$ cat input.pdb   # PDB, C-alpha atoms
MODEL        1
ATOM      1  CA  MET Z  34      27.799  49.220 129.887  1.00  0.00           C
ATOM      2  CA  LEU Z  35      27.351  51.235 133.047  1.00  0.00           C
ATOM      3  CA  ARG Z  36      25.294  49.459 135.717  1.00  0.00           C
ATOM      4  CA  ALA Z  37      24.925  52.531 137.890  1.00  0.00           C
ATOM      5  CA  ARG Z  38      22.205  53.047 140.471  1.00  0.00           C
ATOM      6  CA  LEU Z  39      21.557  56.047 142.682  1.00  0.00           C
ATOM      7  CA  GLY Z  40      20.795  54.374 145.991  1.00  0.00           C
ATOM      8  CA  ASP Z  41      17.150  53.344 146.300  1.00  0.00           C
ATOM      9  CA  ALA Z  42      16.299  55.705 143.424  1.00  0.00           C
ATOM     10  CA  GLY Z  43      17.529  53.027 141.006  1.00  0.00           C
ATOM     11  CA  ASP Z  44      18.860  53.448 137.472  1.00  0.00           C
ATOM     12  CA  PRO Z  45      18.808  57.187 136.698  1.00  0.00           C
ATOM     13  CA  PHE Z  46      18.835  56.797 132.901  1.00  0.00           C
ATOM     14  CA  TYR Z  47      16.141  55.770 130.448  1.00  0.00           C
ATOM     15  CA  CYS Z  48      16.861  53.548 127.454  1.00  0.00           C
ATOM     16  CA  SER Z  49      14.181  52.607 124.942  1.00  0.00           C
ATOM     17  CA  PRO Z  50      13.400  48.866 124.910  1.00  0.00           C
ATOM     18  CA  LEU Z  51      13.139  49.173 121.107  1.00  0.00           C
ATOM     19  CA  ALA Z  52      16.595  50.704 120.618  1.00  0.00           C
ATOM     20  CA  GLU Z  53      18.303  47.524 119.412  1.00  0.00           C
ATOM     21  CA  ARG Z  54      15.813  47.085 116.557  1.00  0.00           C
ATOM     22  CA  PHE Z  55      16.995  50.201 114.731  1.00  0.00           C
ATOM     23  CA  GLU Z  56      20.270  51.393 113.247  1.00  0.00           C
ATOM     24  CA  GLY Z  57      21.907  54.503 114.605  1.00  0.00           C
ATOM     25  CA  PRO Z  58      22.380  55.799 118.138  1.00  0.00           C
ATOM     26  CA  ALA Z  59      20.282  54.239 120.883  1.00  0.00           C
ATOM     27  CA  ARG Z  60      17.355  56.240 122.192  1.00  0.00           C
ATOM     28  CA  GLY Z  61      18.494  56.768 125.758  1.00  0.00           C
ATOM     29  CA  GLY Z  62      21.511  56.618 128.031  1.00  0.00           C
ATOM     30  CA  VAL Z  63      23.989  59.497 127.739  1.00  0.00           C
ATOM     31  CA  PRO Z  64      25.013  60.108 124.087  1.00  0.00           C
ATOM     32  CA  VAL Z  65      27.929  62.422 123.293  1.00  0.00           C
ATOM     33  CA  LEU Z  66      27.136  65.344 120.970  1.00  0.00           C
ATOM     34  CA  PHE Z  67      30.173  66.411 118.888  1.00  0.00           C
ATOM     35  CA  PRO Z  68      31.245  68.443 116.929  1.00  0.00           C
ATOM     36  CA  GLN Z  69      27.828  70.023 116.408  1.00  0.00           C
ATOM     37  CA  PHE Z  70      24.843  70.514 118.660  1.00  0.00           C
ATOM     38  CA  ALA Z  71      21.470  69.776 117.027  1.00  0.00           C
ATOM     39  CA  GLU Z  72      21.053  71.696 113.747  1.00  0.00           C
ATOM     40  CA  TYR Z  73      23.331  74.578 114.847  1.00  0.00           C
ATOM     41  CA  GLY Z  74      25.716  74.083 111.910  1.00  0.00           C
ATOM     42  CA  PRO Z  75      26.147  72.352 108.532  1.00  0.00           C
ATOM     43  CA  LEU Z  76      26.796  68.809 109.775  1.00  0.00           C
ATOM     44  CA  LEU Z  77      24.508  65.912 110.644  1.00  0.00           C
ATOM     45  CA  LYS Z  78      22.213  66.705 113.588  1.00  0.00           C
ATOM     46  CA  HIS Z  79      24.182  66.346 116.847  1.00  0.00           C
ATOM     47  CA  GLY Z  80      27.353  65.524 114.938  1.00  0.00           C
ATOM     48  CA  PHE Z  81      28.948  62.137 114.367  1.00  0.00           C
ATOM     49  CA  ALA Z  82      30.435  61.075 117.718  1.00  0.00           C
ATOM     50  CA  ARG Z  83      27.263  59.398 118.978  1.00  0.00           C
ATOM     51  CA  ASN Z  84      27.160  57.222 115.830  1.00  0.00           C
ATOM     52  CA  ARG Z  85      30.681  55.849 116.235  1.00  0.00           C
ATOM     53  CA  ASP Z  86      32.027  52.827 118.078  1.00  0.00           C
ATOM     54  CA  TRP Z  87      34.152  54.106 120.944  1.00  0.00           C
ATOM     55  CA  THR Z  88      37.042  52.082 122.384  1.00  0.00           C
ATOM     56  CA  LEU Z  89      36.619  50.986 125.984  1.00  0.00           C
ATOM     57  CA  LEU Z  90      39.991  51.561 127.660  1.00  0.00           C
ATOM     58  CA  GLU Z  91      38.969  50.641 131.181  1.00  0.00           C
ATOM     59  CA  HIS Z  92      36.052  49.089 133.011  1.00  0.00           C
ATOM     60  CA  GLY Z  93      36.494  48.388 136.690  1.00  0.00           C
ATOM     61  CA  ALA Z  94      33.986  47.785 139.435  1.00  0.00           C
ATOM     62  CA  ASP Z  95      33.841  46.751 143.071  1.00  0.00           C
ATOM     63  CA  ALA Z  96      31.255  46.998 145.824  1.00  0.00           C
ATOM     64  CA  ALA Z  97      31.746  50.752 146.206  1.00  0.00           C
ATOM     65  CA  ARG Z  98      32.201  52.108 142.687  1.00  0.00           C
ATOM     66  CA  GLU Z  99      32.252  51.487 138.964  1.00  0.00           C
ATOM     67  CA  ARG Z 100      34.518  53.231 136.465  1.00  0.00           C
ATOM     68  CA  LEU Z 101      34.372  53.409 132.663  1.00  0.00           C
ATOM     69  CA  HIS Z 102      36.832  55.108 130.332  1.00  0.00           C
ATOM     70  CA  TYR Z 103      36.079  55.438 126.599  1.00  0.00           C
ATOM     71  CA  VAL Z 104      38.089  57.030 123.804  1.00  0.00           C
ATOM     72  CA  LEU Z 105      37.360  58.016 120.198  1.00  0.00           C
ATOM     73  CA  GLU Z 106      40.216  58.916 117.848  1.00  0.00           C
ATOM     74  CA  ILE Z 107      39.290  61.113 114.880  1.00  0.00           C
ATOM     75  CA  THR Z 108      41.470  61.738 111.836  1.00  0.00           C
ATOM     76  CA  PRO Z 109      41.069  64.467 109.179  1.00  0.00           C
ATOM     77  CA  ASP Z 110      39.842  61.901 106.630  1.00  0.00           C
ATOM     78  CA  ASP Z 111      37.117  60.321 108.773  1.00  0.00           C
ATOM     79  CA  PHE Z 112      34.237  62.743 108.215  1.00  0.00           C
ATOM     80  CA  PRO Z 113      33.506  64.897 105.145  1.00  0.00           C
ATOM     81  CA  GLY Z 114      32.972  68.480 106.180  1.00  0.00           C
ATOM     82  CA  TRP Z 115      35.094  68.180 109.344  1.00  0.00           C
ATOM     83  CA  PRO Z 116      38.749  67.707 108.270  1.00  0.00           C
ATOM     84  CA  HIS Z 117      40.376  67.731 111.708  1.00  0.00           C
ATOM     85  CA  ALA Z 118      42.138  65.408 114.135  1.00  0.00           C
ATOM     86  CA  ALA Z 119      40.945  65.017 117.700  1.00  0.00           C
ATOM     87  CA  ARG Z 120      40.916  62.631 120.627  1.00  0.00           C
ATOM     88  CA  LEU Z 121      37.659  62.433 122.562  1.00  0.00           C
ATOM     89  CA  GLU Z 122      37.490  60.803 125.984  1.00  0.00           C
ATOM     90  CA  LEU Z 123      34.557  60.070 128.245  1.00  0.00           C
ATOM     91  CA  GLU Z 124      35.211  58.936 131.808  1.00  0.00           C
ATOM     92  CA  VAL Z 125      32.408  57.862 134.132  1.00  0.00           C
ATOM     93  CA  LEU Z 126      32.732  57.197 137.854  1.00  0.00           C
ATOM     94  CA  ALA Z 127      29.629  55.869 139.601  1.00  0.00           C
ATOM     95  CA  ARG Z 128      29.253  55.581 143.359  1.00  0.00           C
ATOM     96  CA  GLU Z 129      26.331  54.955 145.699  1.00  0.00           C
ATOM     97  CA  SER Z 130      24.748  58.382 145.448  1.00  0.00           C
ATOM     98  CA  ARG Z 131      26.524  60.137 142.559  1.00  0.00           C
ATOM     99  CA  ILE Z 132      27.776  59.669 139.016  1.00  0.00           C
ATOM    100  CA  ASP Z 133      30.596  61.835 137.661  1.00  0.00           C
ATOM    101  CA  PHE Z 134      31.051  62.336 133.914  1.00  0.00           C
ATOM    102  CA  SER Z 135      34.208  63.864 132.469  1.00  0.00           C
ATOM    103  CA  PHE Z 136      34.256  64.687 128.748  1.00  0.00           C
ATOM    104  CA  THR Z 137      37.461  65.917 127.121  1.00  0.00           C
ATOM    105  CA  VAL Z 138      38.403  66.943 123.604  1.00  0.00           C
ATOM    106  CA  LEU Z 139      42.075  67.214 122.614  1.00  0.00           C
ATOM    107  CA  ASN Z 140      43.111  68.839 119.334  1.00  0.00           C
ATOM    108  CA  THR Z 141      45.668  66.326 118.009  1.00  0.00           C
ATOM    109  CA  GLY Z 142      45.999  67.937 114.587  1.00  0.00           C
ATOM    110  CA  ASP Z 143      47.944  70.784 113.044  1.00  0.00           C
ATOM    111  CA  ASP Z 144      45.117  73.277 112.599  1.00  0.00           C
ATOM    112  CA  GLU Z 145      42.639  75.087 114.820  1.00  0.00           C
ATOM    113  CA  PHE Z 146      39.049  73.880 115.006  1.00  0.00           C
ATOM    114  CA  SER Z 147      35.840  74.835 116.790  1.00  0.00           C
ATOM    115  CA  PHE Z 148      32.872  72.792 117.954  1.00  0.00           C
ATOM    116  CA  THR Z 149      29.586  72.828 119.815  1.00  0.00           C
ATOM    117  CA  GLY Z 150      27.967  69.952 121.660  1.00  0.00           C
ATOM    118  CA  GLY Z 151      27.905  68.284 125.035  1.00  0.00           C
ATOM    119  CA  LEU Z 152      26.139  65.382 126.722  1.00  0.00           C
ATOM    120  CA  HIS Z 153      22.562  64.255 126.072  1.00  0.00           C
ATOM    121  CA  PRO Z 154      21.361  62.325 129.152  1.00  0.00           C
ATOM    122  CA  TYR Z 155      17.897  60.761 129.178  1.00  0.00           C
ATOM    123  CA  PHE Z 156      16.777  60.803 132.807  1.00  0.00           C
ATOM    124  CA  ALA Z 157      14.254  58.125 133.727  1.00  0.00           C
ATOM    125  CA  VAL Z 158      11.096  59.336 135.467  1.00  0.00           C
ATOM    126  CA  ASN Z 159       7.926  57.571 136.571  1.00  0.00           C
ATOM    127  CA  ASP Z 160       5.689  60.196 134.982  1.00  0.00           C
ATOM    128  CA  LEU Z 161       6.886  63.331 133.206  1.00  0.00           C
ATOM    129  CA  LEU Z 162       3.612  65.071 134.038  1.00  0.00           C
ATOM    130  CA  GLN Z 163       4.463  64.823 137.744  1.00  0.00           C
ATOM    131  CA  LEU Z 164       8.066  65.987 137.372  1.00  0.00           C
ATOM    132  CA  ARG Z 165       9.308  69.368 138.585  1.00  0.00           C
ATOM    133  CA  VAL Z 166      12.634  71.021 137.803  1.00  0.00           C
ATOM    134  CA  GLU Z 167      14.026  73.701 140.111  1.00  0.00           C
ATOM    135  CA  GLY Z 168      17.016  76.009 139.733  1.00  0.00           C
ATOM    136  CA  LEU Z 169      16.371  77.782 136.438  1.00  0.00           C
ATOM    137  CA  GLN Z 170      14.407  80.793 137.663  1.00  0.00           C
ATOM    138  CA  GLY Z 171      15.761  84.042 136.220  1.00  0.00           C
ATOM    139  CA  VAL Z 172      17.836  82.337 133.507  1.00  0.00           C
ATOM    140  CA  ALA Z 173      17.512  83.719 129.972  1.00  0.00           C
ATOM    141  CA  ALA Z 174      16.335  81.126 127.478  1.00  0.00           C
ATOM    142  CA  SER Z 175      15.032  80.525 123.969  1.00  0.00           C
ATOM    143  CA  ASP Z 176      12.138  78.179 123.277  1.00  0.00           C
ATOM    144  CA  ARG Z 177      11.833  76.626 119.820  1.00  0.00           C
ATOM    145  CA  TYR Z 178       8.043  76.459 120.043  1.00  0.00           C
ATOM    146  CA  GLN Z 179       7.394  79.690 121.959  1.00  0.00           C
ATOM    147  CA  PRO Z 180       9.349  82.437 120.151  1.00  0.00           C
ATOM    148  CA  ALA Z 181       8.220  85.092 122.638  1.00  0.00           C
ATOM    149  CA  PHE Z 182       9.807  83.218 125.552  1.00  0.00           C
ATOM    150  CA  THR Z 183      12.999  84.940 126.761  1.00  0.00           C
ATOM    151  CA  ARG Z 184      13.455  84.050 130.441  1.00  0.00           C
ATOM    152  CA  GLN Z 185      12.421  81.459 133.005  1.00  0.00           C
ATOM    153  CA  ASP Z 186      10.346  83.522 135.432  1.00  0.00           C
ATOM    154  CA  GLU Z 187       8.628  80.667 137.267  1.00  0.00           C
ATOM    155  CA  PRO Z 188      10.549  79.031 140.127  1.00  0.00           C
ATOM    156  CA  VAL Z 189       9.504  75.541 139.017  1.00  0.00           C
ATOM    157  CA  LEU Z 190       9.564  74.081 135.514  1.00  0.00           C
ATOM    158  CA  GLN Z 191       6.745  71.608 134.783  1.00  0.00           C
ATOM    159  CA  PHE Z 192       5.672  69.704 131.669  1.00  0.00           C
ATOM    160  CA  GLY Z 193       2.519  68.874 129.746  1.00  0.00           C
ATOM    161  CA  GLU Z 194       1.798  66.723 126.692  1.00  0.00           C
ATOM    162  CA  ALA Z 195       3.268  69.146 124.136  1.00  0.00           C
ATOM    163  CA  ILE Z 196       6.799  68.943 122.770  1.00  0.00           C
ATOM    164  CA  PHE Z 197       9.302  70.865 124.920  1.00  0.00           C
ATOM    165  CA  GLU Z 198      12.635  72.224 123.670  1.00  0.00           C
ATOM    166  CA  ARG Z 199      14.213  75.080 125.573  1.00  0.00           C
ATOM    167  CA  LEU Z 200      17.853  76.223 125.558  1.00  0.00           C
ATOM    168  CA  TYR Z 201      18.883  78.043 128.731  1.00  0.00           C
ATOM    169  CA  ASP Z 202      21.654  80.620 128.521  1.00  0.00           C
ATOM    170  CA  GLY Z 203      23.276  79.502 131.754  1.00  0.00           C
ATOM    171  CA  CYS Z 204      24.228  76.363 133.620  1.00  0.00           C
ATOM    172  CA  PRO Z 205      23.289  76.711 137.315  1.00  0.00           C
ATOM    173  CA  ALA Z 206      22.737  73.600 139.406  1.00  0.00           C
ATOM    174  CA  VAL Z 207      19.233  72.225 138.893  1.00  0.00           C
ATOM    175  CA  THR Z 208      17.178  69.621 140.754  1.00  0.00           C
ATOM    176  CA  LEU Z 209      14.808  67.040 139.296  1.00  0.00           C
ATOM    177  CA  ILE Z 210      11.982  66.397 141.761  1.00  0.00           C
ATOM    178  CA  GLU Z 211       9.511  63.555 141.510  1.00  0.00           C
ATOM    179  CA  GLY Z 212       7.744  62.541 144.710  1.00  0.00           C
ATOM    180  CA  SER Z 213      10.420  62.031 147.369  1.00  0.00           C
ATOM    181  CA  ARG Z 214      13.202  61.587 144.819  1.00  0.00           C
ATOM    182  CA  ARG Z 215      15.488  64.586 144.246  1.00  0.00           C
ATOM    183  CA  ILE Z 216      18.378  64.402 141.781  1.00  0.00           C
ATOM    184  CA  ARG Z 217      20.758  67.350 141.599  1.00  0.00           C
ATOM    185  CA  LEU Z 218      22.554  68.138 138.329  1.00  0.00           C
ATOM    186  CA  SER Z 219      25.589  70.389 138.090  1.00  0.00           C
ATOM    187  CA  ALA Z 220      28.216  71.020 135.438  1.00  0.00           C
ATOM    188  CA  SER Z 221      31.429  72.884 134.688  1.00  0.00           C
ATOM    189  CA  GLY Z 222      33.050  73.598 131.338  1.00  0.00           C
ATOM    190  CA  PHE Z 223      29.574  73.458 129.820  1.00  0.00           C
ATOM    191  CA  ASP Z 224      27.686  76.751 130.056  1.00  0.00           C
ATOM    192  CA  GLN Z 225      24.090  76.037 128.959  1.00  0.00           C
ATOM    193  CA  TRP Z 226      21.275  73.584 129.658  1.00  0.00           C
ATOM    194  CA  MET Z 227      19.032  72.155 126.974  1.00  0.00           C
ATOM    195  CA  VAL Z 228      15.749  70.707 128.288  1.00  0.00           C
ATOM    196  CA  TRP Z 229      13.874  68.452 125.862  1.00  0.00           C
ATOM    197  CA  ASN Z 230      11.014  65.991 125.596  1.00  0.00           C
ATOM    198  CA  PRO Z 231       9.185  65.080 122.361  1.00  0.00           C
ATOM    199  CA  GLY Z 232       5.688  65.219 123.882  1.00  0.00           C
ATOM    200  CA  ARG Z 233       2.790  62.981 122.927  1.00  0.00           C
ATOM    201  CA  GLU Z 234       2.354  63.871 119.244  1.00  0.00           C
ATOM    202  CA  GLU Z 235       6.011  64.150 118.204  1.00  0.00           C
ATOM    203  CA  ALA Z 236       6.842  60.930 120.063  1.00  0.00           C
ATOM    204  CA  ARG Z 237       4.547  59.029 117.700  1.00  0.00           C
ATOM    205  CA  LYS Z 238       6.980  59.876 114.887  1.00  0.00           C
ATOM    206  CA  LEU Z 239       9.901  58.253 116.725  1.00  0.00           C
ATOM    207  CA  LYS Z 240       9.907  54.612 115.628  1.00  0.00           C
ATOM    208  CA  ASP Z 241      12.404  53.599 118.322  1.00  0.00           C
ATOM    209  CA  LEU Z 242      10.173  54.841 121.166  1.00  0.00           C
ATOM    210  CA  PRO Z 243       7.239  52.731 122.461  1.00  0.00           C
ATOM    211  CA  ASP Z 244       3.819  54.347 122.716  1.00  0.00           C
ATOM    212  CA  GLY Z 245       3.565  56.287 125.947  1.00  0.00           C
ATOM    213  CA  ASP Z 246       7.278  56.176 126.753  1.00  0.00           C
ATOM    214  CA  TRP Z 247       7.615  59.923 126.183  1.00  0.00           C
ATOM    215  CA  ARG Z 248       6.291  60.203 129.738  1.00  0.00           C
ATOM    216  CA  LYS Z 249       9.165  58.077 131.068  1.00  0.00           C
ATOM    217  CA  PHE Z 250      12.086  60.442 130.504  1.00  0.00           C
ATOM    218  CA  ILE Z 251      13.327  64.013 130.432  1.00  0.00           C
ATOM    219  CA  CYS Z 252      16.532  65.236 128.765  1.00  0.00           C
ATOM    220  CA  VAL Z 253      18.445  67.877 130.703  1.00  0.00           C
ATOM    221  CA  GLU Z 254      21.644  68.334 128.725  1.00  0.00           C
ATOM    222  CA  PRO Z 255      24.864  70.178 129.696  1.00  0.00           C
ATOM    223  CA  VAL Z 256      26.035  71.788 126.453  1.00  0.00           C
ATOM    224  CA  ARG Z 257      28.111  74.453 124.720  1.00  0.00           C
ATOM    225  CA  VAL Z 258      26.079  76.076 121.940  1.00  0.00           C
ATOM    226  CA  LYS Z 259      26.151  79.872 122.060  1.00  0.00           C
ATOM    227  CA  ASN Z 260      29.812  80.093 123.073  1.00  0.00           C
ATOM    228  CA  LEU Z 261      31.462  77.553 120.806  1.00  0.00           C
ATOM    229  CA  VAL Z 262      34.746  75.984 121.875  1.00  0.00           C
ATOM    230  CA  VAL Z 263      37.851  76.922 119.881  1.00  0.00           C
ATOM    231  CA  LEU Z 264      40.947  74.704 120.216  1.00  0.00           C
ATOM    232  CA  ARG Z 265      44.368  75.381 118.762  1.00  0.00           C
ATOM    233  CA  PRO Z 266      46.703  72.419 118.137  1.00  0.00           C
ATOM    234  CA  GLY Z 267      47.499  70.709 121.428  1.00  0.00           C
ATOM    235  CA  GLU Z 268      44.729  72.458 123.372  1.00  0.00           C
ATOM    236  CA  ARG Z 269      42.139  70.583 125.395  1.00  0.00           C
ATOM    237  CA  PHE Z 270      38.528  71.175 126.432  1.00  0.00           C
ATOM    238  CA  SER Z 271      37.169  69.611 129.626  1.00  0.00           C
ATOM    239  CA  GLY Z 272      33.524  69.436 130.614  1.00  0.00           C
ATOM    240  CA  ASN Z 273      32.303  67.844 133.824  1.00  0.00           C
ATOM    241  CA  PHE Z 274      28.800  66.720 134.725  1.00  0.00           C
ATOM    242  CA  LEU Z 275      27.635  65.505 138.144  1.00  0.00           C
ATOM    243  CA  VAL Z 276      24.420  63.562 138.785  1.00  0.00           C
ATOM    244  CA  GLU Z 277      23.784  63.356 142.511  1.00  0.00           C
ATOM    245  CA  LEU Z 278      21.013  61.894 144.641  1.00  0.00           C
ATOM    246  CA  GLU Z 279      20.290  64.490 147.305  1.00  0.00           C
ATOM    247  CA  GLN Z 280      20.694  63.286 150.869  1.00  0.00           C
ATOM    248  CA  GLY Z 281      17.535  61.702 152.234  1.00  0.00           C
ATOM    249  CA  ALA Z 282      15.980  61.307 148.772  1.00  0.00           C
ATOM    250  CA  GLY Z 283      15.161  58.106 146.969  1.00  0.00           C
TER     251      GLY Z 283
ENDMDL
END
$ encode --input "input.pdb" --output "structure tokens"
Amino acid sequence: MLRARLGDAGDPFYCSPLAERFEGPARGGVPVLFPQFAEYGPLLKHGFARNRDWTLLEHGADAARERLHYVLEITPDDFPGWPHAARLELEVLARESRIDFSFTVLNTGDDEFSFTGGLHPYFAVNDLLQLRVEGLQGVAASDRYQPAFTRQDEPVLQFGEAIFERLYDGCPAVTLIEGSRRIRLSASGFDQWMVWNPGREEARKLKDLPDGDWRKFICVEPVRVKNLVVLRPGERFSGNFLVELEQGAG
């Protein structure tokens, strides 16, 4: 398990204290979404990778850094509805003020396949209602609960008590701002951001989330949804995600 901290800002990721009581993926951390994002396809929501036990190939740490390297091997017979072979790898390098994620997918089979997905980080916040997100102004977007919404016109994204689920058709660097803490997010290989929080009412339906904890996190996810990834045999996809404490923050 990653023991990363971003300087005085502390642990950047939320994990539900109830997660171990329930089967399935933990509510929190940084789940991997593969080979399907959300309900955008015929498979189980968010695919199967987050439900599997990955193999830890490497875990090293010293006073300056910590490194994790996970792998998941998939064969054509593993999952009904997805008869392909692939090797998934997730590498994480954490240092004093930044955490680098590298996600790769290698087609190890004999046929072409396509996928959507990405990373699903739960960022810990003191109070969602005080959080601001900058960097998305002018980006086209679709909002599940506001069908008329087509673009982020406001320079700052803020949140209320209602459920929030908005897919941005772009992946510019964004900054999470809460008090004096500023965390910058950037990505390559991924080309969209999903921003999500269940809100007060929907959170009550999540048995693995304590009452009130919906205010303790925000999901800002680097993903590929609109432009799915197509890999021929032997081809590889690489997506990188950087979480960085801005200088002087924390």
$ closest_atom_pairs --input "input.pdb" --of "range 83-198 of chain Z" --to "range 259-279 of chain Z" --cutoff "9 Å" --atoms "all atoms listed in the file" --output "CSV"
residue,atom,partner,partner_atom,distance
Z:Glu129,CA,Z:Leu278,CA,8.8
Z:Ser130,CA,Z:Leu278,CA,5.2
Z:Arg131,CA,Z:Glu277,CA,4.2
Z:Ile132,CA,Z:Val276,CA,5.1
Z:Asp133,CA,Z:Leu275,CA,4.7
Z:Phe134,CA,Z:Phe274,CA,5.0
Z:Ser135,CA,Z:Asn273,CA,4.6
Z:Phe136,CA,Z:Gly272,CA,5.2
Z:Thr137,CA,Z:Ser271,CA,4.5
Z:Val138,CA,Z:Phe270,CA,5.1
Z:Leu139,CA,Z:Arg269,CA,4.4
Z:Asn140,CA,Z:Gly267,CA,5.2
Z:Thr141,CA,Z:Gly267,CA,5.9
Z:Gly142,CA,Z:Pro266,CA,5.8
Z:Asp143,CA,Z:Pro266,CA,5.5
Z:Asp144,CA,Z:Pro266,CA,5.8
Z:Glu145,CA,Z:Arg265,CA,4.3
Z:Phe146,CA,Z:Leu264,CA,5.6
Z:Ser147,CA,Z:Val263,CA,4.2
Z:Phe148,CA,Z:Val262,CA,5.4
Z:Thr149,CA,Z:Leu261,CA,5.2
Z:Gly150,CA,Z:Leu261,CA,8.4
Z:Gly151,CA,Z:Gly272,CA,8.0
Z:Leu152,CA,Z:Phe274,CA,8.5
$ closest_residue --input "input.pdb" --among "Z:Arg237, Z:Glu167, Z:Val258, Z:Pro45" --to "Gln69 in chain Z" --atoms "all atoms listed in the file"
Z:Val258
$ closest_residue --input "input.pdb" --among "Z:His92, Z:Lys249, Z:Arg257, Z:Arg83" --to "Cys48 in chain Z" --atoms "only C-alpha atoms"
Z:Lys249
$ residues_around --input "input.pdb" --residues "range 85-88 of chain Z" --least-positions-apart "2" --cutoff "6 Å" --atoms "all atoms listed in the file" --output "PyMOL selection string"
chain Z and resi 82-83+103-105
$ write_last_selection --input "input.pdb" --atoms "C-alpha atoms" --output "mmCIF file, keeping the file's coordinate frame"
data_model
loop_
_atom_site.group_PDB
_atom_site.id
_atom_site.type_symbol
_atom_site.label_atom_id
_atom_site.label_comp_id
_atom_site.auth_asym_id
_atom_site.auth_seq_id
_atom_site.Cartn_x
_atom_site.Cartn_y
_atom_site.Cartn_z
ATOM 1 C CA ALA Z 82 30.435 61.075 117.718
ATOM 2 C CA ARG Z 83 27.263 59.398 118.978
ATOM 3 C CA TYR Z 103 36.079 55.438 126.599
ATOM 4 C CA VAL Z 104 38.089 57.030 123.804
ATOM 5 C CA LEU Z 105 37.360 58.016 120.198
#
$ residues_around --input "input.pdb" --residues "Ala174 in chain Z" --least-positions-apart "2" --cutoff "6 Å" --atoms "only C-alpha atoms" --output "ChimeraX atom specification"
/Z:183-184,200-202
$ atom_distance --input "input.pdb" --atom1 "CA of Arg98 in chain Z" --atom2 "CA of Leu123 in chain Z"
16.7 Å
